[in-house]
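A short worksheet on the structure shown next.
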Amino acid sequence: MSEPVEELVSGAARDAGGWMGALPVAQIATSADGTIVRWNRAAQELLGHSPHNVIGRHIAELLHPGADRSLGRSLWEAAASGRGVMGTVTAWHADGHPVELEIWASPLPDRHEDTSAVVVFAADAHAARRIRGSSAVWDGLFARSPVGIAVLDTELRFLRVNAALERMNGLPESAHVGRRLSQLLPEVNAHDMEEAMRAVLASGRPVLDRRRAGRTPADPDRDKVWSCSYVRVEDPAGRPIGVIASLLDITEQQRAHTEAEAGRRRLALLSEASVRVGSSLELERTAQELADLAVPRLADAVTVDVLDSLARGDEPGPGLAGGVALRRLGKAPLTGSAVTAALAPLGRTLSFPAAAPYSQVLAGQHPYLVARLDADAIAPAARHTSRPAHLLTLGVHSFMMIPLVARDLVLGVATFYRTRPLGPFDSDEAALAAQIAARAALSIDNARLYHREHDTAVTLQRSMLPQHITPPAGIEVAHRYLPASDVNEVGGDWYDALCLPAGKGALLIGDVMGHGMVAAAVMGRLSASIRALARLDLEPKEILAQLEAALEDLAEPMLATLLYVVVDPATGHCRITRAGHPPPALVTPDGEVRLLDVPPGTPLGVGGTRYTTTDHILLPGSILVLYTDGLIESRSSDIDERLGELTDALAEPSPSLDAMCDSLLARLVPASADDDIALLVARTRPTP
């Protein structure tokens with residue numbers, strides 16, 4: 001053979017088919033008469049014979065006797081005659097066991113002779129069938145799979161793509177081959193994908209479900225999402241020779257997932273709004289809670305403005321035809337934002353004419369959404385203020401105004417600004433903001449109603465207390481009334497000092513067991529009844545019996561406590577009757593303080609009680625302290641501890657009765673009282 005056998009063999013192997021390259025292939029060359037002249041290492045590994053044991057022998061001697069040997073000789077003769085042939089034969093292994101081989105024989109023309117030498121390629125038949133079968137599967141999968149498939153080399157250049165990937169990318173295979181993804185599709189996150197493929201080449205660990213997003217020539221006007229997986233391809237020695245990429249279009253699934261996630265976030269935000277917004281009945285706090293809730297989960301900056309009349313404590317105006325005045329009660333974030341720094345501060349009153357967007361939003365009671373803020377969008381507001389143009393320079397690209405409406409009453413407006421590159425506000429976000437604003441508006445309206453009822457109850461309560469107490473001669477008095485901070489606790493506490501016949505005086509303090517305007521009204525009824533009965537100079541127990549009868553006449557049963565004291569300044573004689581009320585305290589002229597021992601009795605309205613009157617002698621200059629339970633009750637201390645604090649406070653010298661009242665309230669009452677407090681302090685002095 002005049003030509004190098006190795007060159008001929010390798011060239012023939014390349015022509016034999018791609019699947020042959022995946023197997024260890026024995027390469028055997030013979031002369032024209034069938035004598036073996038070439039035996040490679042793969043042949044030795046496959047059949048166990050070393051080259052010096054087989055070279056020079058006829059190739060048919062390696063085959064199984066009988067049919068296989070005849071078949072093998074016929075295959076060789078066909079190849080020697082100039083035809084390429086394939087077939088399956090059984091050969092003997094050097095250790096004596098048979099080996100089924102799949103062979104392919106090809107002629108090698110000799111330039112100097114008319115006959116041809118033969119090159120034979122042999123492989124394990126079982127492995128060949130497996131490889132050839134999997135190759136067919138691969139070719140079918142590659143051609144027909146709806147999944148995009150690509151083969152890339154170690155430089156991440158495309159070698160081959162299937163039809164599905166051509167459709168996904170909108171480019172033919174010829175446009176892919178030899179180019180990298182970052183060169184081919186710059187509109188997707190190609191660099192991130194190439195980093196993932198480099199990691200696969202380096203480590204051999206597959207990467208699954210890496211997301212590729214962007215636009216391709218197949219659909220240049222719409223963002224799409226693909227799930228990408230990368231697997232390293234290796235040669236028989238385990239060296240990386242490329243990457244196989246598979247891509248699945250998951251745009252619709254991702255959109256559905258995104259919408260579901262957005263729905264869950266909306267529900268979570270609404271749930272949080274029901275807990276966080278309106279936790280108090282204060283206008284300012286509710287407005288700020290709304291602003292804080294929306295930043296940054298819905299917007300980058302938020303302002304909350306309520307009608308100025310509402311902020312002043314008045315009822316909302318009848319209409320908005322002439323424009324609107326708003327007071328800013330909420331803003332977030334309070335620091336660190338150029339947008340909120342440019343907006344009006346908290347507490348500022350803002351006035352808008354009827355044609356301004358703020359006025360239009362409140363008048364129409366509909367959200368106002370500017371998805372993309374630009375010069376055209378701010379034109380309607382530019383006639384009234386330059387602030388929108390300034391916000392545009394600060395990066396605000398989208399905003400919406402949501403009216404605060406509760407019980408068909410317009411209360412204010414919440415404005416949401418967006419600066420981050422999250423895309424513009426859309427209709428779904430406007431609907432979400434409207435739902436949150438509706439919850440806040442209801443809380444704001446509840447606060448308005450609360451303050452109105454609280455003010456009404458306090459006004460009623462104060463109007464029924466004695467406006468000018470004229471104590472009897474020989475008795476000096478001071479008094480205080482402190483309403484509860486909660487409208488539900490404003491109740492029926494009252495006090496009075498009356499002149500009785502024969503120079504005596506009556507000191508009384510009571511508490512209707514209820515709250516709100518009903519308790520205040522009952523208190524007024526009892527107070528008027530006592531004034532009328534006391535002038536008849538009735539015994540205290542008779543007066544209490546008449547008060548019980550008055551309570552029985554009410555449509556709803558009510559209870560009340562009462563402490564009734566009759567004092568004769570001339571003699572110091574004092575008669576005290578209790579109906580479930582806290583005991584009076586006595587401060588003697590020498591500064592001793594004690595609680596007077598008086599039978600407690602039961603509250604008025606219980607019925608069937610006979611009240612007891614006890615007698616005491618008061619030295620001139622003695623001080624009686626009458627109070628309601630709001631002064632001594634506390635959620636953190638028991639009643640005995642509080643009574644001890646009361647006597648300790650009274651033991652401290654005071655320059656006057658008024659100073660004593662102020663000192664008691666300052667020491668025993670927190671900043672916001674949980675209950676009404678009535679206090680009456682009286683000092684006896686000698687009469688002429």
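For the structure tokens, the naming scheme is as follows: chains receive sequential letters (A, B, ...) according to their order of presentation, residues are indexed from 1 within each chain, and ligands are indexed from 1 in presentation order.
Residues surrounding A:Val625 within 7 Å are Pro584, Ala585, Leu586, Leu680, Val681 and Ala682 of chain A [only C-alpha atoms; sequence separation below 6 positions excluded].
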Give me, as a PyMOL selection string, all polymer residues having an atom no more than 7 Å from A:Pro600, counting only C-alpha atoms and skipping those fewer than 6 positions away in the same chain. chain A and resi 578-581
Closest to A:Met193 among A:Tyr230, A:Met513, A:Thr335, A:Leu159, using only C-alpha atoms? A:Tyr230
Can you list, as JSON, numbers by chain, all residues belonging to stretch 191-418 of chain A that DSSP tags as alpha helix (DSSP H)? {"A": [191, 192, 193, 194, 195, 196, 197, 198, 199, 200, 201, 202, 203, 251, 252, 253, 254, 255, 256, 257, 258, 259, 260, 261, 262, 263, 264, 265, 266, 267, 268, 269, 270, 271, 272, 273, 274, 275, 276, 283, 284, 285, 286, 287, 288, 289, 290, 291, 292, 293, 294, 308, 309, 310, 311, 338, 339, 340, 341, 342, 357, 358, 359, 360, 361, 362, 363, 364, 375, 376, 377, 378, 379, 380, 381, 382, 387, 388, 389, 390, 391, 392, 393]}
Residues near stretch 50-53 of chain A, cut-off 8 Å, only C-alpha atoms, skip fewer than 4 positions along chain, as a list in words: Arg38, Trp39, Asn40 and Gln44 of chain A
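Atom CA of A:Ile436 sits 24.1 Å away from atom CA of A:Ala356.
Nearest-residue note for A:Leu526: choosing from A:Thr561, A:Gln435, A:Thr251, A:Ser636, the minimum distance belongs to A:Thr561, counting only C-alpha atoms.
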As a VMD selection string, please: the residues near A:Thr303 (cut-off 6 Å, only C-alpha atoms, same-chain neighbours under 4 positions excluded). chain A and resid 330 to 331 414 to 415
Residues as selected, N, CA and C atoms, written as a tab-separated table (two decimals), in the first residue's frame, can you do that?
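Saved result, part37.tsv, follows:
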chain	number	residue	atom	x	y	z
A	330	GLY	N	-50.53	63.78	56.13
A	330	GLY	CA	-49.70	62.59	56.00
A	330	GLY	C	-48.72	62.74	54.85
A	331	LYS	N	-47.49	62.23	55.05
A	331	LYS	CA	-46.47	62.28	54.00
A	331	LYS	C	-45.42	61.23	54.29
A	414	ALA	N	-55.52	61.25	48.49
A	414	ALA	CA	-54.18	60.68	48.66
A	414	ALA	C	-53.49	60.67	47.29
A	415	THR	N	-52.24	61.12	47.24
A	415	THR	CA	-51.50	61.21	45.99
A	415	THR	C	-50.30	60.29	46.06
Near stretch 98-101 of chain A, within 10 Å and counting only C-alpha atoms, which residues show up once chain neighbours fewer than 4 positions away are dropped, as a ChimeraX atom specification? /A:26,46-47,63-64,87-94,121-128
Where does DSSP see strand (DSSP E or B) in stretch 155-230 of chain A, if you list the residues as number ranges by chain? A: 157-161, 177, 180, 188, 207-214, 224-230
Just N, CA and C atoms for this one: save the residues we selected as a PDB file, in the first residue's frame.
ATOM      1  N   ARG A 157     -20.012  29.522  20.780  1.00  0.00           N
ATOM      2  CA  ARG A 157     -20.519  29.848  19.450  1.00  0.00           C
ATOM      3  C   ARG A 157     -21.497  28.766  19.018  1.00  0.00           C
ATOM      4  N   PHE A 158     -22.567  29.184  18.384  1.00  0.00           N
ATOM      5  CA  PHE A 158     -23.568  28.225  17.933  1.00  0.00           C
ATOM      6  C   PHE A 158     -22.977  27.317  16.855  1.00  0.00           C
ATOM      7  N   LEU A 159     -23.213  26.015  17.024  1.00  0.00           N
ATOM      8  CA  LEU A 159     -22.848  25.035  16.007  1.00  0.00           C
ATOM      9  C   LEU A 159     -24.074  24.530  15.261  1.00  0.00           C
ATOM     10  N   ARG A 160     -25.169  24.416  16.005  1.00  0.00           N
ATOM     11  CA  ARG A 160     -26.388  23.880  15.406  1.00  0.00           C
ATOM     12  C   ARG A 160     -27.577  24.308  16.253  1.00  0.00           C
ATOM     13  N   VAL A 161     -28.682  24.614  15.631  1.00  0.00           N
ATOM     14  CA  VAL A 161     -29.929  24.918  16.346  1.00  0.00           C
ATOM     15  C   VAL A 161     -31.053  24.180  15.639  1.00  0.00           C
ATOM     16  N   VAL A 177     -25.071  30.056  13.393  1.00  0.00           N
ATOM     17  CA  VAL A 177     -23.818  29.295  13.381  1.00  0.00           C
ATOM     18  C   VAL A 177     -22.617  30.242  13.355  1.00  0.00           C
ATOM     19  N   ARG A 180     -22.017  34.127  18.813  1.00  0.00           N
ATOM     20  CA  ARG A 180     -22.395  33.954  20.217  1.00  0.00           C
ATOM     21  C   ARG A 180     -23.750  34.600  20.458  1.00  0.00           C
ATOM     22  N   VAL A 188     -31.748  40.413  24.859  1.00  0.00           N
ATOM     23  CA  VAL A 188     -32.015  39.523  25.990  1.00  0.00           C
ATOM     24  C   VAL A 188     -30.828  39.612  26.947  1.00  0.00           C
ATOM     25  N   VAL A 207     -26.915  23.480  34.619  1.00  0.00           N
ATOM     26  CA  VAL A 207     -27.702  24.613  35.110  1.00  0.00           C
ATOM     27  C   VAL A 207     -29.117  24.437  34.576  1.00  0.00           C
ATOM     28  N   LEU A 208     -30.072  24.462  35.481  1.00  0.00           N
ATOM     29  CA  LEU A 208     -31.463  24.228  35.105  1.00  0.00           C
ATOM     30  C   LEU A 208     -32.312  25.460  35.393  1.00  0.00           C
ATOM     31  N   ASP A 209     -33.228  25.731  34.513  1.00  0.00           N
ATOM     32  CA  ASP A 209     -34.258  26.764  34.699  1.00  0.00           C
ATOM     33  C   ASP A 209     -33.647  28.137  34.974  1.00  0.00           C
ATOM     34  N   ARG A 210     -32.630  28.500  34.231  1.00  0.00           N
ATOM     35  CA  ARG A 210     -32.122  29.866  34.277  1.00  0.00           C
ATOM     36  C   ARG A 210     -33.001  30.706  33.334  1.00  0.00           C
ATOM     37  N   ARG A 211     -33.488  31.837  33.817  1.00  0.00           N
ATOM     38  CA  ARG A 211     -34.455  32.607  33.049  1.00  0.00           C
ATOM     39  C   ARG A 211     -33.776  33.569  32.077  1.00  0.00           C
ATOM     40  N   ARG A 212     -34.196  33.471  30.801  1.00  0.00           N
ATOM     41  CA  ARG A 212     -33.775  34.434  29.783  1.00  0.00           C
ATOM     42  C   ARG A 212     -34.982  35.297  29.455  1.00  0.00           C
ATOM     43  N   ALA A 213     -34.811  36.596  29.469  1.00  0.00           N
ATOM     44  CA  ALA A 213     -35.936  37.503  29.243  1.00  0.00           C
ATOM     45  C   ALA A 213     -35.514  38.601  28.288  1.00  0.00           C
ATOM     46  N   GLY A 214     -36.461  39.052  27.483  1.00  0.00           N
ATOM     47  CA  GLY A 214     -36.189  40.142  26.557  1.00  0.00           C
ATOM     48  C   GLY A 214     -37.013  39.999  25.290  1.00  0.00           C
ATOM     49  N   LYS A 224     -40.564  38.652  26.377  1.00  0.00           N
ATOM     50  CA  LYS A 224     -40.876  37.244  26.579  1.00  0.00           C
ATOM     51  C   LYS A 224     -39.889  36.652  27.572  1.00  0.00           C
ATOM     52  N   VAL A 225     -40.236  35.483  28.105  1.00  0.00           N
ATOM     53  CA  VAL A 225     -39.410  34.820  29.115  1.00  0.00           C
ATOM     54  C   VAL A 225     -39.227  33.363  28.688  1.00  0.00           C
ATOM     55  N   TRP A 226     -37.989  32.881  28.793  1.00  0.00           N
ATOM     56  CA  TRP A 226     -37.687  31.490  28.482  1.00  0.00           C
ATOM     57  C   TRP A 226     -36.999  30.845  29.678  1.00  0.00           C
ATOM     58  N   SER A 227     -37.281  29.558  29.873  1.00  0.00           N
ATOM     59  CA  SER A 227     -36.565  28.754  30.864  1.00  0.00           C
ATOM     60  C   SER A 227     -35.455  28.018  30.138  1.00  0.00           C
ATOM     61  N   CYS A 228     -34.203  28.250  30.531  1.00  0.00           N
ATOM     62  CA  CYS A 228     -33.041  27.698  29.832  1.00  0.00           C
ATOM     63  C   CYS A 228     -32.310  26.705  30.726  1.00  0.00           C
ATOM     64  N   SER A 229     -31.893  25.598  30.128  1.00  0.00           N
ATOM     65  CA  SER A 229     -31.078  24.607  30.837  1.00  0.00           C
ATOM     66  C   SER A 229     -29.840  24.320  29.998  1.00  0.00           C
ATOM     67  N   TYR A 230     -28.698  24.130  30.675  1.00  0.00           N
ATOM     68  CA  TYR A 230     -27.425  23.937  29.989  1.00  0.00           C
ATOM     69  C   TYR A 230     -26.730  22.686  30.532  1.00  0.00           C
TER      70      TYR A 230
END
Skipping near chain neighbours, those fewer than 6 positions away, what residues fall within 10 Å of A:Thr216 using only C-alpha atoms, listed as an NGL selection string? :A and (167-171 or 184-188 or 222-224)
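Every protein, DNA or RNA residue with an atom at most 9 Å from A:Asp662, where only C-alpha atoms count and chain neighbours fewer than 5 positions away do not, is listed here: Arg480, Leu657 and Arg667 of chain A.
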Those residues with N, CA and C atoms, as a JSON list (two decimals), in the first residue's frame please?
[["chain", "number", "residue", "atom", "x", "y", "z"],
["A", 480, "ARG", "N", -62.97, 70.52, 90.33],
["A", 480, "ARG", "CA", -62.41, 70.27, 89.01],
["A", 480, "ARG", "C", -63.24, 69.19, 88.32],
["A", 657, "LEU", "N", -56.95, 75.62, 98.26],
["A", 657, "LEU", "CA", -57.72, 74.47, 97.80],
["A", 657, "LEU", "C", -57.55, 74.27, 96.30],
["A", 667, "ARG", "N", -50.57, 64.56, 90.06],
["A", 667, "ARG", "CA", -49.85, 63.41, 90.62],
["A", 667, "ARG", "C", -50.55, 62.08, 90.33]]
